[in-house]
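Take a look at the structure set out below.
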Amino acid sequence: MHAHELPGRSAMKIGIIGAGNIGGNLTRRLTALGHDVSVANSRGPETLKDLAAETGATPVRAEEAAEGAEVVIVTVPLKAVPDLPAGLLDGAAEGAAVIDTNNYYPKQRDGRIDAIEDEGLTESRWVERHLGHPVIKAFNGTYAQDILDRPLPAGHPDRMALPVAGDDEAAKAKVRALIDELGFDTVDTGGIDDSWRQQPDTPVYGLRAGTDAVRAALSEASAQRPADFRY
């Protein structure tokens, strides 16, 4: 399906920072929907030639990915967030929605992050502090392959729902509309301080289910960080 088949929805300029599994598959789907996608990784645009050729996305340096973008997707490993270029979002469009897809995997990948462990910050609040811009938390518990394989039209009984958290209501609405366009329902999980409900090892994390089951899973979450995800 291409953008011209989506009545009332116009193509957007979207920047994707991180071209791993989630970033790569979002690049594939968003370009197919007719959006103007710029994609960056830590190794430089020349390493993204294949993805660009496959999708029609524009490979850029991380510093340029957000330029003029209405939506910016930050999907790098959490430990790499402090290494992102300063002023990364300075050139983004006014009112840009910044999506954080991240998870904190202290034992598995990221090492200890004191502010998360000691201050009890949610993972996305920590990301937000580094970026200097409000974020919307989405896709953090979504299997990358499902972005390609499981989209369904609105109203389909088997349509999956994704949890979405954020403090900026306008940005959240923009992200939820984009996820709907990608073929998934959404459930508003509240603000970024409530986004622990969708962090790793919570009932909703990795859940492939519809809105009712997602809401139920969110309500069952514990604010106690699971032992496997503490350092």
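Chain labels run A, B, ... following the order of the structure tokens; each chain numbers its residues from 1, and ligands are numbered from 1 in the order shown.
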Could you give me, as CSV, every stretch 192-226 of chain A residue with an atom at most 7 Å from stretch 116-134 of chain A, plus its closest atom pair and distance in Å to one decimal, counting only C-alpha atoms, rows ordered by chain then number?
```
residue,atom,partner,partner_atom,distance
A:Ile192,CA,A:Arg125,CA,6.2
A:Asp193,CA,A:Thr122,CA,6.2
A:Ser195,CA,A:Thr122,CA,6.6
A:Trp196,CA,A:Thr122,CA,5.8
```
Using backbone DSSP assignments, extract all strand (DSSP E) residues from stretch 35-204 of chain A; output them as JSON, numbers by chain.
{"A": [36, 37, 38, 39, 40, 58, 59, 71, 72, 73, 74, 97, 98, 99, 100, 136, 137, 161, 162, 163, 164, 165, 166, 185, 186, 187, 188]}
Who sits within 9 Å of A:Val98, only C-alpha atoms, same chain under 4 positions skipped, as a list in words:
Glu70, Val71, Val72, Ile73, Val74, Leu89, His133, Pro134, Val135, Ile136, Lys137, Ala171 and Val175 of chain A
What would the file look like if the residues just selected were written as an mmCIF file, in the first residue's frame with N, CA, C and O atoms?
```cif
data_model
loop_
_atom_site.group_PDB
_atom_site.id
_atom_site.type_symbol
_atom_site.label_atom_id
_atom_site.label_comp_id
_atom_site.auth_asym_id
_atom_site.auth_seq_id
_atom_site.Cartn_x
_atom_site.Cartn_y
_atom_site.Cartn_z
ATOM 1 N N GLU A 70 9.332 15.724 10.723
ATOM 2 C CA GLU A 70 8.154 15.846 11.595
ATOM 3 C C GLU A 70 8.129 14.735 12.638
ATOM 4 O O GLU A 70 7.533 14.880 13.697
ATOM 5 N N VAL A 71 8.755 13.599 12.296
ATOM 6 C CA VAL A 71 8.895 12.486 13.232
ATOM 7 C C VAL A 71 10.349 12.031 13.184
ATOM 8 O O VAL A 71 10.914 11.863 12.101
ATOM 9 N N VAL A 72 10.961 11.858 14.355
ATOM 10 C CA VAL A 72 12.322 11.340 14.454
ATOM 11 C C VAL A 72 12.258 10.080 15.318
ATOM 12 O O VAL A 72 11.675 10.102 16.409
ATOM 13 N N ILE A 73 12.835 8.988 14.826
ATOM 14 C CA ILE A 73 12.830 7.724 15.553
ATOM 15 C C ILE A 73 14.252 7.432 16.005
ATOM 16 O O ILE A 73 15.166 7.308 15.182
ATOM 17 N N VAL A 74 14.451 7.367 17.330
ATOM 18 C CA VAL A 74 15.776 7.088 17.892
ATOM 19 C C VAL A 74 15.779 5.621 18.313
ATOM 20 O O VAL A 74 15.083 5.225 19.255
ATOM 21 N N LEU A 89 18.595 17.188 17.506
ATOM 22 C CA LEU A 89 17.215 17.485 17.116
ATOM 23 C C LEU A 89 16.988 18.956 16.796
ATOM 24 O O LEU A 89 15.851 19.376 16.552
ATOM 25 N N HIS A 133 14.847 16.774 24.522
ATOM 26 C CA HIS A 133 13.585 16.909 23.787
ATOM 27 C C HIS A 133 12.624 15.859 24.332
ATOM 28 O O HIS A 133 13.036 14.721 24.580
ATOM 29 N N PRO A 134 11.341 16.186 24.498
ATOM 30 C CA PRO A 134 10.391 15.173 24.948
ATOM 31 C C PRO A 134 10.349 13.986 23.978
ATOM 32 O O PRO A 134 10.533 14.169 22.774
ATOM 33 N N VAL A 135 10.126 12.797 24.522
ATOM 34 C CA VAL A 135 10.044 11.610 23.664
ATOM 35 C C VAL A 135 8.705 10.912 23.846
ATOM 36 O O VAL A 135 8.028 11.074 24.854
ATOM 37 N N ILE A 136 8.365 10.126 22.842
ATOM 38 C CA ILE A 136 7.228 9.224 22.892
ATOM 39 C C ILE A 136 7.810 7.814 22.864
ATOM 40 O O ILE A 136 8.589 7.474 21.970
ATOM 41 N N LYS A 137 7.460 7.009 23.858
ATOM 42 C CA LYS A 137 8.004 5.637 23.919
ATOM 43 C C LYS A 137 7.077 4.706 23.155
ATOM 44 O O LYS A 137 5.895 4.574 23.491
ATOM 45 N N ALA A 171 2.217 15.286 20.149
ATOM 46 C CA ALA A 171 3.212 14.374 19.575
ATOM 47 C C ALA A 171 2.738 12.929 19.693
ATOM 48 O O ALA A 171 2.903 12.125 18.768
ATOM 49 N N VAL A 175 2.159 10.164 16.686
ATOM 50 C CA VAL A 175 2.790 8.844 16.672
ATOM 51 C C VAL A 175 1.731 7.741 16.587
ATOM 52 O O VAL A 175 1.886 6.772 15.830
#
```
Please extract the residues of stretch 4-181 of chain A with a backbone DSSP assignment of helix (DSSP H, G or I) and present them as a ChimeraX atom specification.
/A:4-5,21-32,45-55,62-64,78-83,106-110,114-118,123-131,144-149,169-181
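Going from atom CA of A:Gly18 to atom CA of A:Gln198 covers 21.0 Å.
Note that atom CA of A:His35 and atom CA of A:Lys13 are 6.2 Å apart.
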